[in-house]
Amino acid sequence: MVQASGSSERNAFSRWLRTGKVPSALGPDGLELKYNPWHDLADGQFTFAGAGRHDGSSNGDTTNAGNGRTSSHVGRAPRIGSRTAAHPKAKVPEARPLAGVGQRSLEHGSVGIPPARAPVTPPSSQSSPVAEFVGGVGQGLYDVSAGTVTGVRAALTTNPVTTVRNAGRGIAGMIDTAIAAEDTPARVQLTRAAAAVDNASAREIGRATGSVAGNNALAVAPGAVLSKVSAMRSLRMARPRTIYDPPQIGWVKETVTSDKPWKTYNDTAVGSRPGQAPTLIRTMPDSSKRPVKFDGIQGDYVIDRKWKIVTAPRARSQILRQSEVLAQHRLIGVWEVPTPVQKIKALKLLKRMNVTNIKVRVVKP
Amino acid sequence: MIVTQIAHIIADYVVFLELTEEEELNLDTAVTMMEALADQLENLDKDFLRELIDAFAAIAEEYSDEAQRVVRDIAHNFYLEEALAADDPVRLAQLEALRDARE
């Protein structure tokens with residue numbers, strides 16, 4: 001298996017994260033072709049990343065004899081915001097799809113930590129996604145700063161859960177810094193980053209994550225890591241969390257009296273008050289305010305109890321009023337009906353009127 | 001004969017609930033009362049309900065404009081035909097198809 005490496009891949013990966021476009025090449029049989037710009041000076045054969053000569057277009061002539069792979073990468077990291085990806089010239093004859101798909105969980109398996117100073121891990125040691133990820137992190141970091149590698153490797157050489165937790169704060173800071181420097185909305189970047197898990201191996205993800213430490217480029221973390229990172233830092237610099245106010249429920253006096261079952265049913269909705277009806281204020285097109293009455297409130301769900309479903313014009317207009325006021329308050333409505341027959345009628349009526357923010361459930365009297 | 005008189009009482013009540021201005025009658029309260037009326041109509045004797053449904057169609061001509069439409073549609077809007085066919089799945093399917101075609 002050919003080892004994809006070098007800043008050209010990082011450029012391509014970074015480009016994909018920013019633009020959503022993958023600079024891919026397909027062979028005649030439809031399989032993806034991968035490129036390896038590294039060649040052995042002695043016999044011209046492909047080598048692992050950092051060994052031999054690099055023939056990539058954006059990296060100039062980088063020659064390392066033997067295993068000397070350190071200094072040539074420092075300072076050649078992709079520039080922030082760069083939207084051009086270098087395409088290596090050498091084409092790998094044996095094209096294969098990306099490996100590691102479906103084996104990327106960081107929460108499973110044992111930790112097989114490759115040496116951080118050996119960025120290219122032999123294929124035989126790539127069985128563990130955790131090792132892949134950590135190795136990739138080390139590789140990406142190593143390209144920038146050997147000292148950073150040492151620190152991060154120390155943080156990553158514990159058990160997987162602790163690794164993620166310890167690295168989380170640092171990675172969160174990297175993500176914050178990187179995203180704050182980008183003009184692409186954080187939401188878009190995070191969506192792409194999460195989707196990257198489905199299309200990138202653990203090593204690739206780890207490498208991208210590690211690269212951030214030195215380059216302030218966009219960090220890519222798998223979903224499990226990303227969720228922990230978000231929980232710790234909430235990405236406040238990039239995307240302030242939208243906090244919605246609690247439902248603006250008002251209460252109006254309700255004087256309708258009856259000893260019939262429908263009255264008892266309506267009065268016993270969750271969150272109801274005796275002699276009062278919860279209301280939401282509907283803002284009319286002319287900015288005037290009018291209340292819309294319901295029967296109960298349960299968290300963010302506003303309840304209206306329907307003893308029977310009717311389709312009279314005024315009942316239909318009530319549906320529209322409820323749907324509109326619920327949308328204005330970013331709430332979901334719930335119709336509670338006493339029987340499955342009424343539920344079917346309600347669902348059909350709501351469907352005919354294209355109302356989607358009112359749900360229906362059966363609540364027996 | 002008596003069914004016609006009762007049909008008039010019910011029709012006047014429905015017209016009131018349906019057409020009274022919002023300033024005089026809360027819209028949500030009106031709908032609630034319609035739901036209560038639907039329950040009472042469904043619980044009528046089936047034979048009487050049949051006569052009542054037919055009576056609504058007959059007396060609708062006595063109303064004008066929008067009220068006439070309201071009275072004529074009472075059986076449809078309150079699912080009265082479905083109430084009569086509650087034990088007949090075939091008839092219920094027919095009514096559902098008719099309702100879908102109408103709406």
# chains A, B, ... in the order shown; residues from 1 in each chain; ligands from 1
$ closest_atom_pairs --of "chain B" --to "chain A" --cutoff "10 Å" --atoms "only C-alpha atoms" --output "Markdown table"
| residue | atom | partner | partner_atom | distance |
| --- | --- | --- | --- | --- |
| B:Val14 | CA | A:Ala312 | CA | 9.6 |
| B:Leu17 | CA | A:Arg314 | CA | 8.4 |
| B:Glu18 | CA | A:Arg314 | CA | 6.0 |
| B:Leu19 | CA | A:Arg314 | CA | 8.3 |
| B:Asn26 | CA | A:Lys293 | CA | 9.3 |
| B:Leu27 | CA | A:Arg314 | CA | 7.4 |
| B:Asp28 | CA | A:Lys293 | CA | 6.3 |
| B:Thr29 | CA | A:Val256 | CA | 8.0 |
| B:Ala30 | CA | A:Arg314 | CA | 8.0 |
| B:Val31 | CA | A:Ala315 | CA | 5.6 |
| B:Thr32 | CA | A:Lys306 | CA | 7.8 |
| B:Met33 | CA | A:Val256 | CA | 9.2 |
| B:Met34 | CA | A:Val310 | CA | 7.3 |
| B:Glu35 | CA | A:Lys308 | CA | 5.0 |
| B:Ala36 | CA | A:Trp262 | CA | 6.4 |
| B:Leu37 | CA | A:Lys308 | CA | 8.9 |
| B:Ala38 | CA | A:Lys308 | CA | 6.5 |
| B:Asp39 | CA | A:Lys308 | CA | 6.3 |
| B:Gln40 | CA | A:Lys260 | CA | 9.7 |
| B:Glu42 | CA | A:Lys308 | CA | 9.8 |
| B:Val70 | CA | A:Ala312 | CA | 8.1 |
| B:Asp73 | CA | A:Ala312 | CA | 8.1 |
| B:Ile74 | CA | A:Ala312 | CA | 7.9 |
| B:His76 | CA | A:Thr311 | CA | 7.8 |
| B:Asn77 | CA | A:Thr311 | CA | 4.6 |
| B:Phe78 | CA | A:Val310 | CA | 5.1 |
| B:Tyr79 | CA | A:Val310 | CA | 7.1 |
| B:Glu96 | CA | A:Lys345 | CA | 10.0 |
| B:Asp100 | CA | A:Arg352 | CA | 9.0 |
| B:Glu103 | CA | A:Arg352 | CA | 7.9 |
$ residues_around --residues "Ile281 (chain A)" --least-positions-apart "5" --cutoff "12 Å" --atoms "only C-alpha atoms" --output "PDB file with N, CA and C atoms, in the first residue's frame"
ATOM      1  N   PRO A 247     -39.750  29.701  26.496  1.00  0.00           N
ATOM      2  CA  PRO A 247     -41.013  30.063  25.842  1.00  0.00           C
ATOM      3  C   PRO A 247     -41.707  31.211  26.560  1.00  0.00           C
ATOM      4  N   GLN A 248     -42.149  32.171  25.778  1.00  0.00           N
ATOM      5  CA  GLN A 248     -42.828  33.334  26.338  1.00  0.00           C
ATOM      6  C   GLN A 248     -44.302  32.978  26.518  1.00  0.00           C
ATOM      7  N   ILE A 249     -44.560  32.234  27.543  1.00  0.00           N
ATOM      8  CA  ILE A 249     -45.917  31.781  27.793  1.00  0.00           C
ATOM      9  C   ILE A 249     -46.666  32.823  28.616  1.00  0.00           C
ATOM     10  N   GLY A 250     -47.809  33.189  28.113  1.00  0.00           N
ATOM     11  CA  GLY A 250     -48.692  34.055  28.886  1.00  0.00           C
ATOM     12  C   GLY A 250     -49.902  33.245  29.348  1.00  0.00           C
ATOM     13  N   TRP A 251     -50.635  33.821  30.249  1.00  0.00           N
ATOM     14  CA  TRP A 251     -51.806  33.108  30.765  1.00  0.00           C
ATOM     15  C   TRP A 251     -53.007  34.033  30.703  1.00  0.00           C
ATOM     16  N   VAL A 252     -54.092  33.511  30.187  1.00  0.00           N
ATOM     17  CA  VAL A 252     -55.322  34.290  30.116  1.00  0.00           C
ATOM     18  C   VAL A 252     -56.426  33.538  30.850  1.00  0.00           C
ATOM     19  N   SER A 287     -47.419  44.067  12.716  1.00  0.00           N
ATOM     20  CA  SER A 287     -46.701  44.186  13.991  1.00  0.00           C
ATOM     21  C   SER A 287     -47.612  44.204  15.208  1.00  0.00           C
ATOM     22  N   SER A 288     -48.891  44.053  15.008  1.00  0.00           N
ATOM     23  CA  SER A 288     -49.779  43.956  16.166  1.00  0.00           C
ATOM     24  C   SER A 288     -49.629  42.565  16.797  1.00  0.00           C
ATOM     25  N   LYS A 289     -50.050  42.465  18.033  1.00  0.00           N
ATOM     26  CA  LYS A 289     -49.877  41.227  18.792  1.00  0.00           C
ATOM     27  C   LYS A 289     -51.239  40.640  19.130  1.00  0.00           C
ATOM     28  N   ARG A 290     -51.342  39.330  18.965  1.00  0.00           N
ATOM     29  CA  ARG A 290     -52.584  38.644  19.322  1.00  0.00           C
ATOM     30  C   ARG A 290     -52.249  37.305  19.973  1.00  0.00           C
ATOM     31  N   PRO A 291     -52.964  36.960  21.017  1.00  0.00           N
ATOM     32  CA  PRO A 291     -52.656  35.703  21.694  1.00  0.00           C
ATOM     33  C   PRO A 291     -53.276  34.502  20.973  1.00  0.00           C
ATOM     34  N   VAL A 292     -52.585  33.391  21.067  1.00  0.00           N
ATOM     35  CA  VAL A 292     -53.110  32.115  20.577  1.00  0.00           C
ATOM     36  C   VAL A 292     -53.161  31.177  21.776  1.00  0.00           C
ATOM     37  N   LYS A 293     -54.338  30.659  22.056  1.00  0.00           N
ATOM     38  CA  LYS A 293     -54.530  29.858  23.262  1.00  0.00           C
ATOM     39  C   LYS A 293     -54.185  28.394  23.029  1.00  0.00           C
ATOM     40  N   PHE A 294     -53.618  27.806  24.046  1.00  0.00           N
ATOM     41  CA  PHE A 294     -53.362  26.376  24.066  1.00  0.00           C
ATOM     42  C   PHE A 294     -53.956  25.815  25.358  1.00  0.00           C
ATOM     43  N   ARG A 321     -52.832  29.514  12.574  1.00  0.00           N
ATOM     44  CA  ARG A 321     -52.389  30.445  13.617  1.00  0.00           C
ATOM     45  C   ARG A 321     -51.431  29.758  14.587  1.00  0.00           C
ATOM     46  N   GLN A 322     -51.782  28.544  14.967  1.00  0.00           N
ATOM     47  CA  GLN A 322     -50.897  27.822  15.883  1.00  0.00           C
ATOM     48  C   GLN A 322     -49.536  27.562  15.248  1.00  0.00           C
ATOM     49  N   GLU A 324     -48.057  29.185  12.910  1.00  0.00           N
ATOM     50  CA  GLU A 324     -47.297  30.423  12.752  1.00  0.00           C
ATOM     51  C   GLU A 324     -46.713  30.904  14.077  1.00  0.00           C
ATOM     52  N   VAL A 325     -47.521  30.865  15.115  1.00  0.00           N
ATOM     53  CA  VAL A 325     -47.013  31.354  16.400  1.00  0.00           C
ATOM     54  C   VAL A 325     -45.951  30.405  16.954  1.00  0.00           C
ATOM     55  N   LEU A 326     -46.090  29.131  16.670  1.00  0.00           N
ATOM     56  CA  LEU A 326     -45.060  28.182  17.099  1.00  0.00           C
ATOM     57  C   LEU A 326     -43.755  28.459  16.363  1.00  0.00           C
ATOM     58  N   ALA A 327     -43.856  28.755  15.090  1.00  0.00           N
ATOM     59  CA  ALA A 327     -42.650  29.062  14.319  1.00  0.00           C
ATOM     60  C   ALA A 327     -42.010  30.350  14.815  1.00  0.00           C
ATOM     61  N   GLN A 328     -42.817  31.319  15.153  1.00  0.00           N
ATOM     62  CA  GLN A 328     -42.267  32.581  15.645  1.00  0.00           C
ATOM     63  C   GLN A 328     -41.525  32.401  16.957  1.00  0.00           C
ATOM     64  N   HIS A 329     -41.987  31.445  17.761  1.00  0.00           N
ATOM     65  CA  HIS A 329     -41.353  31.213  19.064  1.00  0.00           C
ATOM     66  C   HIS A 329     -40.396  30.038  19.028  1.00  0.00           C
TER      67      HIS A 329
END
$ residues_around --residues "Val302 (chain A)" --least-positions-apart "2" --cutoff "9 Å" --atoms "only C-alpha atoms" --output "VMD selection string"
chain A and resid 278 294 to 300 304 326 331 to 335
$ atom_distance --atom1 "CA of Arg102 (chain B)" --atom2 "CA of Glu61 (chain B)"
21.0 Å
$ select_by_dssp --residues "region 34-81 of chain B" --states "alpha helix (DSSP H)" --output "ChimeraX atom specification"
/B:34-42,46-59,65-72,74-77,80-81
$ closest_residue --among "B:Leu44, B:Ala75, B:Ala83, B:Val90" --to "Ala60 (chain B)" --atoms "only C-alpha atoms"
B:Ala75
$ residues_around --residues "Gly44 (chain A)" --least-positions-apart "5" --cutoff "12 Å" --atoms "only C-alpha atoms" --output "MDAnalysis selection string"
chainID A and resid 37:39 51:55 90
$ closest_residue --among "B:Asp88, B:Glu82, B:Glu22, B:Asp12" --to "Phe56 (chain B)" --atoms "only C-alpha atoms"
B:Asp12
$ atom_distance --atom1 "CA of Tyr35 (chain A)" --atom2 "CA of Arg18 (chain A)"
21.3 Å
$ closest_residue --among "A:Lys253, A:Gly20, A:Arg330, A:Leu347" --to "Ser272 (chain A)" --atoms "only C-alpha atoms"
A:Lys253
$ decode --residues "region 17-102 of chain B" --atoms "C-alpha atoms" --output "PDB file, in the first residue's frame"
ATOM      1  CA  LEU B  17     -69.200  29.882  16.027  1.00  0.00           C
ATOM      2  CA  GLU B  18     -67.926  30.082  12.486  1.00  0.00           C
ATOM      3  CA  LEU B  19     -68.735  33.620  11.463  1.00  0.00           C
ATOM      4  CA  THR B  20     -68.748  35.764  14.598  1.00  0.00           C
ATOM      5  CA  GLU B  21     -66.005  38.362  14.527  1.00  0.00           C
ATOM      6  CA  GLU B  22     -62.922  37.850  16.647  1.00  0.00           C
ATOM      7  CA  GLU B  23     -63.677  40.936  18.717  1.00  0.00           C
ATOM      8  CA  GLU B  24     -66.878  39.297  19.948  1.00  0.00           C
ATOM      9  CA  LEU B  25     -65.834  35.678  20.182  1.00  0.00           C
ATOM     10  CA  ASN B  26     -62.394  34.297  20.851  1.00  0.00           C
ATOM     11  CA  LEU B  27     -61.368  32.205  17.874  1.00  0.00           C
ATOM     12  CA  ASP B  28     -59.814  29.439  19.913  1.00  0.00           C
ATOM     13  CA  THR B  29     -62.831  29.236  22.147  1.00  0.00           C
ATOM     14  CA  ALA B  30     -65.039  28.952  19.087  1.00  0.00           C
ATOM     15  CA  VAL B  31     -63.020  26.006  17.826  1.00  0.00           C
ATOM     16  CA  THR B  32     -63.174  24.365  21.219  1.00  0.00           C
ATOM     17  CA  MET B  33     -66.948  24.639  21.205  1.00  0.00           C
ATOM     18  CA  MET B  34     -67.085  23.177  17.707  1.00  0.00           C
ATOM     19  CA  GLU B  35     -65.110  20.191  18.944  1.00  0.00           C
ATOM     20  CA  ALA B  36     -67.569  19.781  21.800  1.00  0.00           C
ATOM     21  CA  LEU B  37     -70.499  20.023  19.395  1.00  0.00           C
ATOM     22  CA  ALA B  38     -68.944  17.409  17.142  1.00  0.00           C
ATOM     23  CA  ASP B  39     -68.810  15.027  20.074  1.00  0.00           C
ATOM     24  CA  GLN B  40     -72.454  15.613  20.909  1.00  0.00           C
ATOM     25  CA  LEU B  41     -73.558  15.105  17.324  1.00  0.00           C
ATOM     26  CA  GLU B  42     -71.597  11.880  16.990  1.00  0.00           C
ATOM     27  CA  ASN B  43     -73.294  10.500  20.062  1.00  0.00           C
ATOM     28  CA  LEU B  44     -76.797  11.048  18.728  1.00  0.00           C
ATOM     29  CA  ASP B  45     -78.978   8.137  17.781  1.00  0.00           C
ATOM     30  CA  LYS B  46     -77.793   6.929  14.386  1.00  0.00           C
ATOM     31  CA  ASP B  47     -81.176   7.095  12.713  1.00  0.00           C
ATOM     32  CA  PHE B  48     -81.763  10.577  14.021  1.00  0.00           C
ATOM     33  CA  LEU B  49     -78.316  11.638  12.961  1.00  0.00           C
ATOM     34  CA  ARG B  50     -79.092  10.389   9.469  1.00  0.00           C
ATOM     35  CA  GLU B  51     -82.196  12.542   9.316  1.00  0.00           C
ATOM     36  CA  LEU B  52     -80.272  15.458  10.751  1.00  0.00           C
ATOM     37  CA  ILE B  53     -77.586  15.234   8.111  1.00  0.00           C
ATOM     38  CA  ASP B  54     -80.215  15.280   5.407  1.00  0.00           C
ATOM     39  CA  ALA B  55     -81.923  18.198   7.116  1.00  0.00           C
ATOM     40  CA  PHE B  56     -78.776  20.301   7.090  1.00  0.00           C
ATOM     41  CA  ALA B  57     -78.627  20.012   3.325  1.00  0.00           C
ATOM     42  CA  ALA B  58     -82.269  21.005   3.061  1.00  0.00           C
ATOM     43  CA  ILE B  59     -82.238  24.029   5.361  1.00  0.00           C
ATOM     44  CA  ALA B  60     -78.998  25.399   3.971  1.00  0.00           C
ATOM     45  CA  GLU B  61     -80.982  27.044   1.211  1.00  0.00           C
ATOM     46  CA  GLU B  62     -82.607  29.228   3.824  1.00  0.00           C
ATOM     47  CA  TYR B  63     -79.294  30.804   4.705  1.00  0.00           C
ATOM     48  CA  SER B  64     -77.449  33.283   2.582  1.00  0.00           C
ATOM     49  CA  ASP B  65     -73.944  33.675   1.318  1.00  0.00           C
ATOM     50  CA  GLU B  66     -71.276  32.402   3.654  1.00  0.00           C
ATOM     51  CA  ALA B  67     -73.738  31.058   6.217  1.00  0.00           C
ATOM     52  CA  GLN B  68     -75.289  28.860   3.534  1.00  0.00           C
ATOM     53  CA  ARG B  69     -71.926  27.249   2.844  1.00  0.00           C
ATOM     54  CA  VAL B  70     -71.301  26.773   6.542  1.00  0.00           C
ATOM     55  CA  VAL B  71     -74.636  24.959   7.060  1.00  0.00           C
ATOM     56  CA  ARG B  72     -74.255  22.840   3.957  1.00  0.00           C
ATOM     57  CA  ASP B  73     -70.801  21.703   5.105  1.00  0.00           C
ATOM     58  CA  ILE B  74     -71.741  20.785   8.662  1.00  0.00           C
ATOM     59  CA  ALA B  75     -71.852  17.071   7.965  1.00  0.00           C
ATOM     60  CA  HIS B  76     -68.508  17.205   6.185  1.00  0.00           C
ATOM     61  CA  ASN B  77     -66.690  19.403   8.673  1.00  0.00           C
ATOM     62  CA  PHE B  78     -67.898  17.465  11.701  1.00  0.00           C
ATOM     63  CA  TYR B  79     -67.266  13.985  10.265  1.00  0.00           C
ATOM     64  CA  LEU B  80     -70.944  13.061  10.655  1.00  0.00           C
ATOM     65  CA  GLU B  81     -71.063  10.612   7.758  1.00  0.00           C
ATOM     66  CA  GLU B  82     -68.020   8.891   9.221  1.00  0.00           C
ATOM     67  CA  ALA B  83     -69.823   8.654  12.541  1.00  0.00           C
ATOM     68  CA  LEU B  84     -72.666   6.801  10.857  1.00  0.00           C
ATOM     69  CA  ALA B  85     -70.267   4.457   9.076  1.00  0.00           C
ATOM     70  CA  ALA B  86     -68.094   3.763  12.087  1.00  0.00           C
ATOM     71  CA  ASP B  87     -68.736   0.025  11.863  1.00  0.00           C
ATOM     72  CA  ASP B  88     -68.401  -0.226   8.093  1.00  0.00           C
ATOM     73  CA  PRO B  89     -64.761  -0.157   6.934  1.00  0.00           C
ATOM     74  CA  VAL B  90     -65.728  -0.194   3.266  1.00  0.00           C
ATOM     75  CA  ARG B  91     -67.957   2.808   3.651  1.00  0.00           C
ATOM     76  CA  LEU B  92     -65.284   4.557   5.711  1.00  0.00           C
ATOM     77  CA  ALA B  93     -62.784   3.997   2.920  1.00  0.00           C
ATOM     78  CA  GLN B  94     -65.227   5.440   0.421  1.00  0.00           C
ATOM     79  CA  LEU B  95     -65.780   8.487   2.580  1.00  0.00           C
ATOM     80  CA  GLU B  96     -62.068   8.971   2.991  1.00  0.00           C
ATOM     81  CA  ALA B  97     -61.582   8.820  -0.761  1.00  0.00           C
ATOM     82  CA  LEU B  98     -64.359  11.337  -1.239  1.00  0.00           C
ATOM     83  CA  ARG B  99     -62.816  13.609   1.340  1.00  0.00           C
ATOM     84  CA  ASP B 100     -59.417  13.404  -0.315  1.00  0.00           C
ATOM     85  CA  ALA B 101     -60.945  14.140  -3.700  1.00  0.00           C
ATOM     86  CA  ARG B 102     -62.827  17.103  -2.341  1.00  0.00           C
TER      87      ARG B 102
END
